[in-house]
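Since the structure comes first, as structure tokens, the remarks are kept for the end.
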Amino acid sequence: MKPQIRILIYSILFFLYLTSTHFLLEVNEKFNGDAFVTLGVGFASFNLIYAFTALKWKPILNVICALAIAALSMFLALKFADLHLLTKYDPYEIKTAIFANAVFSIVFWEIVYQVKIRKNKN
């Protein structure tokens, strides 16, 4: 896949993460569930769509990568928000966690993609 196409796909994925968070939290309020579960399932579904359209590995490997990346990026985003680095600009650290989740997810997808490329060359 060309770098321009990957950048475009990552930009779309980043935009989806940022815009869908509000919608997913509204869905969570209607169902009175746990916000972390709702966001995790929503972000995992975006990762599944990306995995099946971009990576095109075996289905079980796509599912494992998508779920692992969703869980790991959500965990790291919460830990990054706990650092309280941007309290002057984001007092509740919510925007920081959302941005960190999107960035971590994209970084992990690029790592997985590079592993795929290197493995296919050998």
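Going through the structure tokens in order, the chains are called A, B, and so on, while each chain numbers its residues from 1 and the ligands are numbered from 1 in the order shown.
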Picked from segment 29-100 of chain A by DSSP as helix (DSSP H, G or I), as a PyMOL selection string: chain A and resi 29-31+35-55+59-81+94-100
As an MDAnalysis selection string, please: the residues near segment 45-51 of chain A (cut-off 9 Å, only C-alpha atoms, same-chain neighbours under 2 positions excluded). chainID A and resid 9 13 16:17 40:43 53:57 59 62:63 65:67 69:70 105 109
Could you dump the residues just selected with C-alpha atoms as a PDB file, in the first residue's frame?
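Saved the output as result_10.pdb:
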```
ATOM      1  CA  ILE A   9      -6.691   5.886   5.812  1.00  0.00           C
ATOM      2  CA  LEU A  13      -9.428   6.559  11.253  1.00  0.00           C
ATOM      3  CA  LEU A  16     -13.605   8.630  13.188  1.00  0.00           C
ATOM      4  CA  TYR A  17     -12.099   8.223  16.635  1.00  0.00           C
ATOM      5  CA  GLY A  40     -13.934  -0.186  23.777  1.00  0.00           C
ATOM      6  CA  VAL A  41     -16.509  -1.993  21.664  1.00  0.00           C
ATOM      7  CA  GLY A  42     -16.966   1.034  19.421  1.00  0.00           C
ATOM      8  CA  PHE A  43     -13.257   1.529  18.859  1.00  0.00           C
ATOM      9  CA  THR A  53     -10.148  -3.548   4.553  1.00  0.00           C
ATOM     10  CA  ALA A  54      -6.472  -2.622   4.850  1.00  0.00           C
ATOM     11  CA  LEU A  55      -4.516  -5.574   6.214  1.00  0.00           C
ATOM     12  CA  LYS A  56      -6.416  -8.411   4.549  1.00  0.00           C
ATOM     13  CA  TRP A  57      -4.758 -11.126   6.605  1.00  0.00           C
ATOM     14  CA  PRO A  59      -9.799 -13.372   9.510  1.00  0.00           C
ATOM     15  CA  ASN A  62      -7.411  -9.555  11.785  1.00  0.00           C
ATOM     16  CA  VAL A  63      -9.742  -9.974  14.760  1.00  0.00           C
ATOM     17  CA  CYS A  65      -4.920  -7.591  15.980  1.00  0.00           C
ATOM     18  CA  ALA A  66      -7.959  -5.314  16.040  1.00  0.00           C
ATOM     19  CA  LEU A  67      -9.037  -6.300  19.547  1.00  0.00           C
ATOM     20  CA  ILE A  69      -4.847  -2.761  19.455  1.00  0.00           C
ATOM     21  CA  ALA A  70      -8.177  -1.405  20.709  1.00  0.00           C
ATOM     22  CA  SER A 105      -4.155   3.196  17.740  1.00  0.00           C
ATOM     23  CA  TRP A 109      -1.558  -0.116  13.227  1.00  0.00           C
TER      24      TRP A 109
END
```
Any idea what's packed within 12 Å of Leu18 of chain A, counting only C-alpha atoms, ignoring anything in its chain fewer than 5 positions away? Could you give it as a list in words? Ser11, Ile12, Leu13, Phe23, Leu24, Leu25, Leu39, Gly42, Phe43, Phe46, Ile94, Lys95, Thr96, Ala97, Ile98, Phe99, Ala100, Asn101, Ala102 and Val103 of chain A
I'd like the contact shell of Gln114 of chain A - 12 Å cut-off, only C-alpha atoms, skipping same-chain residues fewer than 6 positions apart - returned as a list of chain:residue names.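 Residues meeting the cut-off are A:Met1, A:Pro3, A:Arg6, A:Leu55, A:Val107, A:Phe108, A:Asn120, A:Lys121.
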Between A:His84, A:Phe36, A:Gln4, A:Lys58, which has the minimum distance to Lys116 of chain A (counting only C-alpha atoms)? A:Lys58
Find, counting only C-alpha atoms, the residue in A:Phe31, A:Phe104, A:Tyr113, A:Phe14 that gets nearest to Phe80 of chain A. A:Phe104
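Here the question is which of A:Lys30, A:Val112, A:Ile7, A:Lys119 gets nearest to Ile64 of chain A using only C-alpha atoms, and that residue is A:Val112.
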